[in-house]
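This report concerns only the one structure given below.
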Amino acid sequence: MSGFLFNEIIFGPVKSRRLGVSLGINLLPIDYKYCTFNCVYCECGWNEEHKTKHSPLPKREEIALLLRQKLEQLLKDGVVPNNITFAGNGEPTIHPDFAKIVDDTILLRDEFFPKASTTVLSNASLVHKPGIFNALLKVDNNILKLDCGSETQYQRINLAKSNISLAQHVENLCLFKGDLIVQTLFLSGNVDGKIIDNTTEEEVSLWLDHIKKINPKKVMIYPIDRETPAQDLNKIPKEKLMEIASRVNTLGIKTEVY
Ligand code: SF4
């Protein structure tokens, strides 16, 4: 499958269980997924490295203008967003002007909807870069991915394009000294004859060790919700997710299951 792609730079607002009324900002091209990972469950589909011709990344000025226009329209229509969220067709921190765009967005939020939160959904692969790290500290909800307990499942599930290890990924999350929210998608299945499962006792136990070390403000746990590029994947039942969540709670860390 080709996956679901957002065909706009500013999209929504959409009703999100996690984020309420959320206005989305897609910093990636509108015609292909652009990410440093290639997760087997990605709703946007597989990376399409073989294609050589793509739309360019949207420019900072264009994004600010479109966001201003959208916020003006929402104000006129009496629609109040709870969140302005960086999400979309891949990894938002890839954009070379990510930090400046975050600054523009915070200013526009303050001007139009000062009570709305700013949120970034990121896979955390680039947070070691100071510009990106500092920008993420400025947003209200810095939501970063950690899907696995073991290196084996990390390599099978997230398929990072760089040779980043799970240990390095965890170290990167620790850089925030607790000023982050961790999001984890639990799943099981089989891809290319290899077992995918981050819900076994061994995996969950290792993942909990990482969570303890990272000590985030909150953990968001969720299952597969839409069609996935890998076909043989299973949705984890809510009861299992609740069981994992209760183990996070015993660490004194707030957890939400979706
Ligand atoms: S990090 Fe997000 S956008 Fe990138 S492949 Fe994984 S799920 Fe898709």
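Residue names in the structure tokens use chain letters A, B, ... in the order shown, residue numbers from 1 in each chain, and ligand numbers from 1 in the order shown.
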Self-check item: Distance filter 9 Å around ligand 1, atoms: only C-alpha atoms and all ligand atoms, out as JSON, numbers by chain
Solution: {"A": [33, 34, 35, 36, 37, 38, 39, 40, 41, 42, 43, 44, 45, 46, 47, 87, 88, 89, 90, 91, 92, 121, 122, 123, 124, 125, 145, 157, 158, 159, 160]}
So that I have them on file, write out the residues from the current selection with C-alpha atoms, as an mmCIF file, in the first residue's frame.
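Okay, this is what ended up in result37.cif:
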```
data_model
loop_
_atom_site.group_PDB
_atom_site.id
_atom_site.type_symbol
_atom_site.label_atom_id
_atom_site.label_comp_id
_atom_site.auth_asym_id
_atom_site.auth_seq_id
_atom_site.Cartn_x
_atom_site.Cartn_y
_atom_site.Cartn_z
ATOM 1 C CA LYS A 33 6.900 10.318 2.964
ATOM 2 C CA TYR A 34 10.252 11.670 4.085
ATOM 3 C CA CYS A 35 11.606 10.150 7.276
ATOM 4 C CA THR A 36 14.789 9.047 9.021
ATOM 5 C CA PHE A 37 12.948 5.866 10.059
ATOM 6 C CA ASN A 38 10.913 3.413 8.019
ATOM 7 C CA CYS A 39 8.684 1.887 10.706
ATOM 8 C CA VAL A 40 6.912 -1.304 9.689
ATOM 9 C CA TYR A 41 3.638 0.167 10.981
ATOM 10 C CA CYS A 42 3.938 3.682 9.470
ATOM 11 C CA GLU A 43 0.556 5.049 8.405
ATOM 12 C CA CYS A 44 2.292 7.018 5.640
ATOM 13 C CA GLY A 45 3.572 3.773 4.063
ATOM 14 C CA TRP A 46 7.165 2.759 3.205
ATOM 15 C CA ASN A 47 9.847 5.285 2.310
ATOM 16 C CA ALA A 87 3.125 16.005 12.335
ATOM 17 C CA GLY A 88 2.527 14.947 8.733
ATOM 18 C CA ASN A 89 4.306 12.979 6.050
ATOM 19 C CA GLY A 90 7.391 11.913 7.968
ATOM 20 C CA GLU A 91 9.841 13.344 10.487
ATOM 21 C CA PRO A 92 9.267 17.104 11.051
ATOM 22 C CA LEU A 121 5.513 14.401 17.241
ATOM 23 C CA SER A 122 9.042 13.205 16.443
ATOM 24 C CA ASN A 123 10.956 9.943 16.204
ATOM 25 C CA ALA A 124 13.838 11.552 18.170
ATOM 26 C CA SER A 125 16.475 10.528 15.626
ATOM 27 C CA LYS A 145 9.162 7.911 20.077
ATOM 28 C CA ILE A 157 10.395 -2.268 13.915
ATOM 29 C CA ASN A 158 11.817 1.215 13.334
ATOM 30 C CA LEU A 159 14.254 0.503 10.476
ATOM 31 C CA ALA A 160 16.328 3.641 11.019
#
```
Quiz item: Residues at most 10 Å from segment 211-221 of chain A, counting only C-alpha atoms, excluding those fewer than 5 positions away in the same chain, as a PyMOL selection string?
Solution: chain A and resi 18+141-147+149+170-186+205-206+238+241-242+244-245+248-249+251-258
Could you give me, as a JSON list (two decimals) with N, CA and C atoms, in the first residue's frame, the residues within 12 Å of Leu27 of chain A, counting only C-alpha atoms and dropping anything in the same chain fewer than 6 positions from it?
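Saved result, around.json, follows:
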```json
[["chain", "number", "residue", "atom", "x", "y", "z"],
["A", 6, "PHE", "N", -0.74, 13.42, 3.91],
["A", 6, "PHE", "CA", -1.44, 14.70, 4.02],
["A", 6, "PHE", "C", -1.12, 15.50, 2.76],
["A", 7, "ASN", "N", -2.15, 16.03, 2.12],
["A", 7, "ASN", "CA", -1.90, 16.76, 0.87],
["A", 7, "ASN", "C", -1.89, 18.27, 1.07],
["A", 8, "GLU", "N", -1.68, 18.69, 2.32],
["A", 8, "GLU", "CA", -1.61, 20.12, 2.60],
["A", 8, "GLU", "C", -0.47, 20.40, 3.58],
["A", 9, "ILE", "N", -0.03, 21.64, 3.62],
["A", 9, "ILE", "CA", 1.01, 22.04, 4.59],
["A", 9, "ILE", "C", 0.36, 22.26, 5.95],
["A", 10, "ILE", "N", -0.74, 23.01, 5.95],
["A", 10, "ILE", "CA", -1.51, 23.18, 7.18],
["A", 10, "ILE", "C", -2.78, 22.36, 7.02],
["A", 11, "PHE", "N", -3.05, 21.44, 7.92],
["A", 11, "PHE", "CA", -4.21, 20.57, 7.74],
["A", 11, "PHE", "C", -5.07, 20.52, 9.01],
["A", 33, "LYS", "N", 6.46, 10.37, 1.58],
["A", 33, "LYS", "CA", 6.90, 10.32, 2.96],
["A", 33, "LYS", "C", 8.41, 10.53, 3.03],
["A", 34, "TYR", "N", 8.83, 11.33, 3.97],
["A", 34, "TYR", "CA", 10.25, 11.67, 4.08],
["A", 34, "TYR", "C", 10.61, 11.51, 5.56],
["A", 35, "CYS", "N", 11.36, 10.45, 5.87],
["A", 35, "CYS", "CA", 11.61, 10.15, 7.28],
["A", 35, "CYS", "C", 12.98, 9.52, 7.46],
["A", 55, "SER", "N", 8.24, 16.70, -4.76],
["A", 55, "SER", "CA", 8.00, 18.11, -4.44],
["A", 55, "SER", "C", 9.04, 18.54, -3.42],
["A", 56, "PRO", "N", 9.39, 19.83, -3.44],
["A", 56, "PRO", "CA", 10.37, 20.30, -2.45],
["A", 56, "PRO", "C", 9.72, 20.46, -1.08],
["A", 57, "LEU", "N", 10.55, 20.66, -0.08],
["A", 57, "LEU", "CA", 10.01, 20.96, 1.25],
["A", 57, "LEU", "C", 9.39, 22.35, 1.22],
["A", 58, "PRO", "N", 8.31, 22.57, 1.95],
["A", 58, "PRO", "CA", 7.73, 23.92, 1.97],
["A", 58, "PRO", "C", 8.68, 24.91, 2.62],
["A", 59, "LYS", "N", 8.64, 26.14, 2.15],
["A", 59, "LYS", "CA", 9.53, 27.18, 2.68],
["A", 59, "LYS", "C", 8.99, 27.76, 3.98],
["A", 60, "ARG", "N", 9.90, 28.21, 4.83],
["A", 60, "ARG", "CA", 9.52, 28.78, 6.13],
["A", 60, "ARG", "C", 8.49, 29.91, 5.97],
["A", 61, "GLU", "N", 8.74, 30.83, 5.03],
["A", 61, "GLU", "CA", 7.85, 31.98, 4.85],
["A", 61, "GLU", "C", 6.45, 31.53, 4.42],
["A", 62, "GLU", "N", 6.42, 30.53, 3.56],
["A", 62, "GLU", "CA", 5.14, 30.02, 3.06],
["A", 62, "GLU", "C", 4.35, 29.38, 4.21],
["A", 63, "ILE", "N", 5.06, 28.63, 5.05],
["A", 63, "ILE", "CA", 4.41, 27.96, 6.18],
["A", 63, "ILE", "C", 3.81, 29.01, 7.13],
["A", 64, "ALA", "N", 4.60, 30.05, 7.44],
["A", 64, "ALA", "CA", 4.12, 31.09, 8.37],
["A", 64, "ALA", "C", 2.90, 31.79, 7.79],
["A", 66, "LEU", "N", 0.72, 30.63, 5.50],
["A", 66, "LEU", "CA", -0.45, 29.72, 5.48],
["A", 66, "LEU", "C", -1.01, 29.52, 6.89],
["A", 67, "LEU", "N", -0.10, 29.43, 7.87],
["A", 67, "LEU", "CA", -0.57, 29.25, 9.25],
["A", 67, "LEU", "C", -1.33, 30.49, 9.71],
["A", 85, "THR", "N", 0.00, 21.27, 16.00],
["A", 85, "THR", "CA", 0.83, 20.06, 16.07],
["A", 85, "THR", "C", 1.68, 19.86, 14.83],
["A", 86, "PHE", "N", 2.98, 19.70, 15.05],
["A", 86, "PHE", "CA", 3.88, 19.35, 13.95],
["A", 86, "PHE", "C", 3.81, 17.84, 13.76],
["A", 87, "ALA", "N", 3.24, 17.43, 12.66],
["A", 87, "ALA", "CA", 3.13, 16.01, 12.33],
["A", 87, "ALA", "C", 3.17, 15.94, 10.80],
["A", 88, "GLY", "N", 2.59, 14.95, 10.20],
["A", 88, "GLY", "CA", 2.53, 14.95, 8.73],
["A", 88, "GLY", "C", 3.25, 13.80, 8.09],
["A", 89, "ASN", "N", 3.80, 14.07, 6.89],
["A", 89, "ASN", "CA", 4.31, 12.98, 6.05],
["A", 89, "ASN", "C", 5.75, 12.60, 6.36],
["A", 90, "GLY", "N", 6.04, 12.33, 7.61],
["A", 90, "GLY", "CA", 7.39, 11.91, 7.97],
["A", 90, "GLY", "C", 7.89, 12.59, 9.23],
["A", 91, "GLU", "N", 9.20, 12.81, 9.28],
["A", 91, "GLU", "CA", 9.84, 13.34, 10.49],
["A", 91, "GLU", "C", 9.98, 14.87, 10.38],
["A", 92, "PRO", "N", 9.25, 15.64, 11.21],
["A", 92, "PRO", "CA", 9.27, 17.10, 11.05],
["A", 92, "PRO", "C", 10.62, 17.76, 11.29],
["A", 93, "THR", "N", 11.47, 17.15, 12.14],
["A", 93, "THR", "CA", 12.74, 17.81, 12.46],
["A", 93, "THR", "C", 13.75, 17.73, 11.31],
["A", 94, "ILE", "N", 13.40, 17.00, 10.25],
["A", 94, "ILE", "CA", 14.26, 16.96, 9.05],
["A", 94, "ILE", "C", 14.34, 18.33, 8.40],
["A", 95, "HIS", "N", 13.26, 19.11, 8.51],
["A", 95, "HIS", "CA", 13.22, 20.40, 7.81],
["A", 95, "HIS", "C", 14.39, 21.27, 8.28],
["A", 96, "PRO", "N", 15.19, 21.81, 7.34],
["A", 96, "PRO", "CA", 16.37, 22.59, 7.76],
["A", 96, "PRO", "C", 16.03, 23.83, 8.58],
["A", 97, "ASP", "N", 14.81, 24.35, 8.44],
["A", 97, "ASP", "CA", 14.40, 25.53, 9.20],
["A", 97, "ASP", "C", 13.48, 25.17, 10.37],
["A", 98, "PHE", "N", 13.55, 23.93, 10.80],
["A", 98, "PHE", "CA", 12.63, 23.47, 11.86],
["A", 98, "PHE", "C", 12.61, 24.43, 13.06],
["A", 99, "ALA", "N", 13.78, 24.80, 13.56],
["A", 99, "ALA", "CA", 13.84, 25.63, 14.78],
["A", 99, "ALA", "C", 13.18, 26.99, 14.56],
["A", 101, "ILE", "N", 10.93, 27.69, 12.33],
["A", 101, "ILE", "CA", 9.48, 27.50, 12.11],
["A", 101, "ILE", "C", 8.77, 27.31, 13.46],
["A", 102, "VAL", "N", 9.44, 26.64, 14.39],
["A", 102, "VAL", "CA", 8.87, 26.51, 15.75],
["A", 102, "VAL", "C", 8.70, 27.90, 16.36],
["A", 120, "VAL", "N", 5.03, 18.73, 19.15],
["A", 120, "VAL", "CA", 5.81, 18.10, 18.08],
["A", 120, "VAL", "C", 5.77, 16.59, 18.29],
["A", 121, "LEU", "N", 5.43, 15.86, 17.23],
["A", 121, "LEU", "CA", 5.51, 14.40, 17.24],
["A", 121, "LEU", "C", 6.76, 14.03, 16.43],
["A", 122, "SER", "N", 7.76, 13.47, 17.11],
["A", 122, "SER", "CA", 9.04, 13.21, 16.44],
["A", 122, "SER", "C", 9.54, 11.81, 16.80]]
```
Quiz item: Looking at only C-alpha atoms, which of A:Leu137, A:Leu71, A:Leu19, A:Ile164 is the one that sits closest to Asn83 of chain A?
Solution: A:Leu19
Exercise. Identify which of the residues A:Phe112, A:Ser150, A:Ala230, A:Glu72 lies closest to Thr200 of chain A, counting only C-alpha atoms when measuring atom-to-atom distances.
Key: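 Between A:Phe112, A:Ser150, A:Ala230, A:Glu72, the residue approaching Thr200 of chain A most closely is A:Ser150.
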Quiz item: Running DSSP on the backbone, which parts of segment 124-164 of chain A land in helix (DSSP H, G or I), as number ranges by chain?
Solution: A: 130-138, 151-157
Exercise. Using only C-alpha atoms, find the one residue out of A:Ser16, A:Ser188, A:Asp103, A:His54 that sits nearest to Tyr32 of chain A.
Key: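 Answer, going by the shortest atom-to-atom distance: A:His54.
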Practice problem: Enumerate as number ranges by chain all residues of segment 128-229 of chain A assigned to strand (DSSP E or B) by DSSP on the backbone, naming them with the chain letters and numbers the document uses. | Solution: A: 141-145, 181-185, 187-191, 194-197, 218-222
Could the residues in this selection be saved with N, CA and C atoms as a PDB file, in the first residue's frame?
```pdb
ATOM      1  N   ASN A 141       4.378  20.377  24.196  1.00  0.00           N
ATOM      2  CA  ASN A 141       4.358  18.909  24.225  1.00  0.00           C
ATOM      3  C   ASN A 141       5.430  18.355  23.288  1.00  0.00           C
ATOM      4  N   ASN A 142       6.516  17.947  23.884  1.00  0.00           N
ATOM      5  CA  ASN A 142       7.646  17.397  23.136  1.00  0.00           C
ATOM      6  C   ASN A 142       7.481  15.867  23.172  1.00  0.00           C
ATOM      7  N   ILE A 143       6.820  15.324  22.148  1.00  0.00           N
ATOM      8  CA  ILE A 143       6.427  13.909  22.177  1.00  0.00           C
ATOM      9  C   ILE A 143       7.379  13.093  21.293  1.00  0.00           C
ATOM     10  N   LEU A 144       8.162  12.230  21.937  1.00  0.00           N
ATOM     11  CA  LEU A 144       9.223  11.505  21.225  1.00  0.00           C
ATOM     12  C   LEU A 144       9.027   9.991  21.299  1.00  0.00           C
ATOM     13  N   LYS A 145       9.423   9.336  20.241  1.00  0.00           N
ATOM     14  CA  LYS A 145       9.162   7.911  20.077  1.00  0.00           C
ATOM     15  C   LYS A 145      10.194   7.021  20.773  1.00  0.00           C
ATOM     16  N   ILE A 181       7.623  13.834  26.569  1.00  0.00           N
ATOM     17  CA  ILE A 181       6.609  12.783  26.665  1.00  0.00           C
ATOM     18  C   ILE A 181       7.085  11.665  25.744  1.00  0.00           C
ATOM     19  N   VAL A 182       7.047  10.442  26.220  1.00  0.00           N
ATOM     20  CA  VAL A 182       7.435   9.308  25.370  1.00  0.00           C
ATOM     21  C   VAL A 182       6.175   8.688  24.769  1.00  0.00           C
ATOM     22  N   GLN A 183       6.215   8.390  23.482  1.00  0.00           N
ATOM     23  CA  GLN A 183       5.102   7.666  22.865  1.00  0.00           C
ATOM     24  C   GLN A 183       5.612   6.315  22.358  1.00  0.00           C
ATOM     25  N   THR A 184       4.819   5.291  22.598  1.00  0.00           N
ATOM     26  CA  THR A 184       5.199   3.928  22.213  1.00  0.00           C
ATOM     27  C   THR A 184       4.036   3.230  21.529  1.00  0.00           C
ATOM     28  N   LEU A 185       4.311   2.676  20.353  1.00  0.00           N
ATOM     29  CA  LEU A 185       3.309   1.864  19.673  1.00  0.00           C
ATOM     30  C   LEU A 185       3.659   0.397  19.901  1.00  0.00           C
ATOM     31  N   LEU A 187       2.987  -3.611  19.152  1.00  0.00           N
ATOM     32  CA  LEU A 187       2.480  -4.425  18.044  1.00  0.00           C
ATOM     33  C   LEU A 187       3.152  -5.798  18.069  1.00  0.00           C
ATOM     34  N   SER A 188       2.589  -6.694  17.285  1.00  0.00           N
ATOM     35  CA  SER A 188       3.242  -7.983  17.084  1.00  0.00           C
ATOM     36  C   SER A 188       3.016  -8.396  15.637  1.00  0.00           C
ATOM     37  N   GLY A 189       3.712  -9.425  15.185  1.00  0.00           N
ATOM     38  CA  GLY A 189       3.528  -9.886  13.812  1.00  0.00           C
ATOM     39  C   GLY A 189       4.792 -10.471  13.242  1.00  0.00           C
ATOM     40  N   ASN A 190       4.882 -10.364  11.931  1.00  0.00           N
ATOM     41  CA  ASN A 190       5.961 -11.014  11.209  1.00  0.00           C
ATOM     42  C   ASN A 190       6.282 -10.191   9.963  1.00  0.00           C
ATOM     43  N   VAL A 191       7.556  -9.844   9.781  1.00  0.00           N
ATOM     44  CA  VAL A 191       7.937  -9.120   8.565  1.00  0.00           C
ATOM     45  C   VAL A 191       9.143  -9.821   7.960  1.00  0.00           C
ATOM     46  N   LYS A 194      10.682 -12.528   9.939  1.00  0.00           N
ATOM     47  CA  LYS A 194      11.240 -12.197  11.260  1.00  0.00           C
ATOM     48  C   LYS A 194      10.119 -11.774  12.207  1.00  0.00           C
ATOM     49  N   ILE A 195      10.236 -12.261  13.437  1.00  0.00           N
ATOM     50  CA  ILE A 195       9.186 -11.953  14.414  1.00  0.00           C
ATOM     51  C   ILE A 195       9.285 -10.501  14.868  1.00  0.00           C
ATOM     52  N   ILE A 196       8.127  -9.864  14.849  1.00  0.00           N
ATOM     53  CA  ILE A 196       7.990  -8.499  15.368  1.00  0.00           C
ATOM     54  C   ILE A 196       7.154  -8.619  16.631  1.00  0.00           C
ATOM     55  N   ASP A 197       7.681  -8.210  17.760  1.00  0.00           N
ATOM     56  CA  ASP A 197       6.874  -8.252  18.987  1.00  0.00           C
ATOM     57  C   ASP A 197       7.580  -7.454  20.093  1.00  0.00           C
ATOM     58  N   LYS A 218       5.375  11.961  30.924  1.00  0.00           N
ATOM     59  CA  LYS A 218       4.225  11.102  30.620  1.00  0.00           C
ATOM     60  C   LYS A 218       4.633  10.081  29.567  1.00  0.00           C
ATOM     61  N   VAL A 219       3.905   8.950  29.555  1.00  0.00           N
ATOM     62  CA  VAL A 219       4.086   7.953  28.489  1.00  0.00           C
ATOM     63  C   VAL A 219       2.739   7.766  27.796  1.00  0.00           C
ATOM     64  N   MET A 220       2.762   7.825  26.471  1.00  0.00           N
ATOM     65  CA  MET A 220       1.548   7.586  25.675  1.00  0.00           C
ATOM     66  C   MET A 220       1.703   6.230  24.988  1.00  0.00           C
ATOM     67  N   ILE A 221       0.734   5.371  25.232  1.00  0.00           N
ATOM     68  CA  ILE A 221       0.790   4.014  24.680  1.00  0.00           C
ATOM     69  C   ILE A 221      -0.367   3.836  23.704  1.00  0.00           C
ATOM     70  N   TYR A 222      -0.082   3.266  22.562  1.00  0.00           N
ATOM     71  CA  TYR A 222      -1.173   3.084  21.602  1.00  0.00           C
ATOM     72  C   TYR A 222      -0.908   1.883  20.697  1.00  0.00           C
TER      73      TYR A 222
END
```
Quiz item: Hey, can you check how far atom CA of Phe113 of chain A sits from atom CA of Leu5 of chain A?
Solution: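 It comes out at 27.0 Å.
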Exercise. State, in Å with one decimal place, the distance from atom CA of Lys15 of chain A to atom CA of Leu75 of chain A.
Key: 17.2 Å
Quiz item: With distances taken over only C-alpha atoms, which of A:Leu126, A:Arg68, A:Thr152, A:His210 is nearest to Leu108 of chain A?
Solution: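 So, comparing all the options, the nearest one is A:Arg68.
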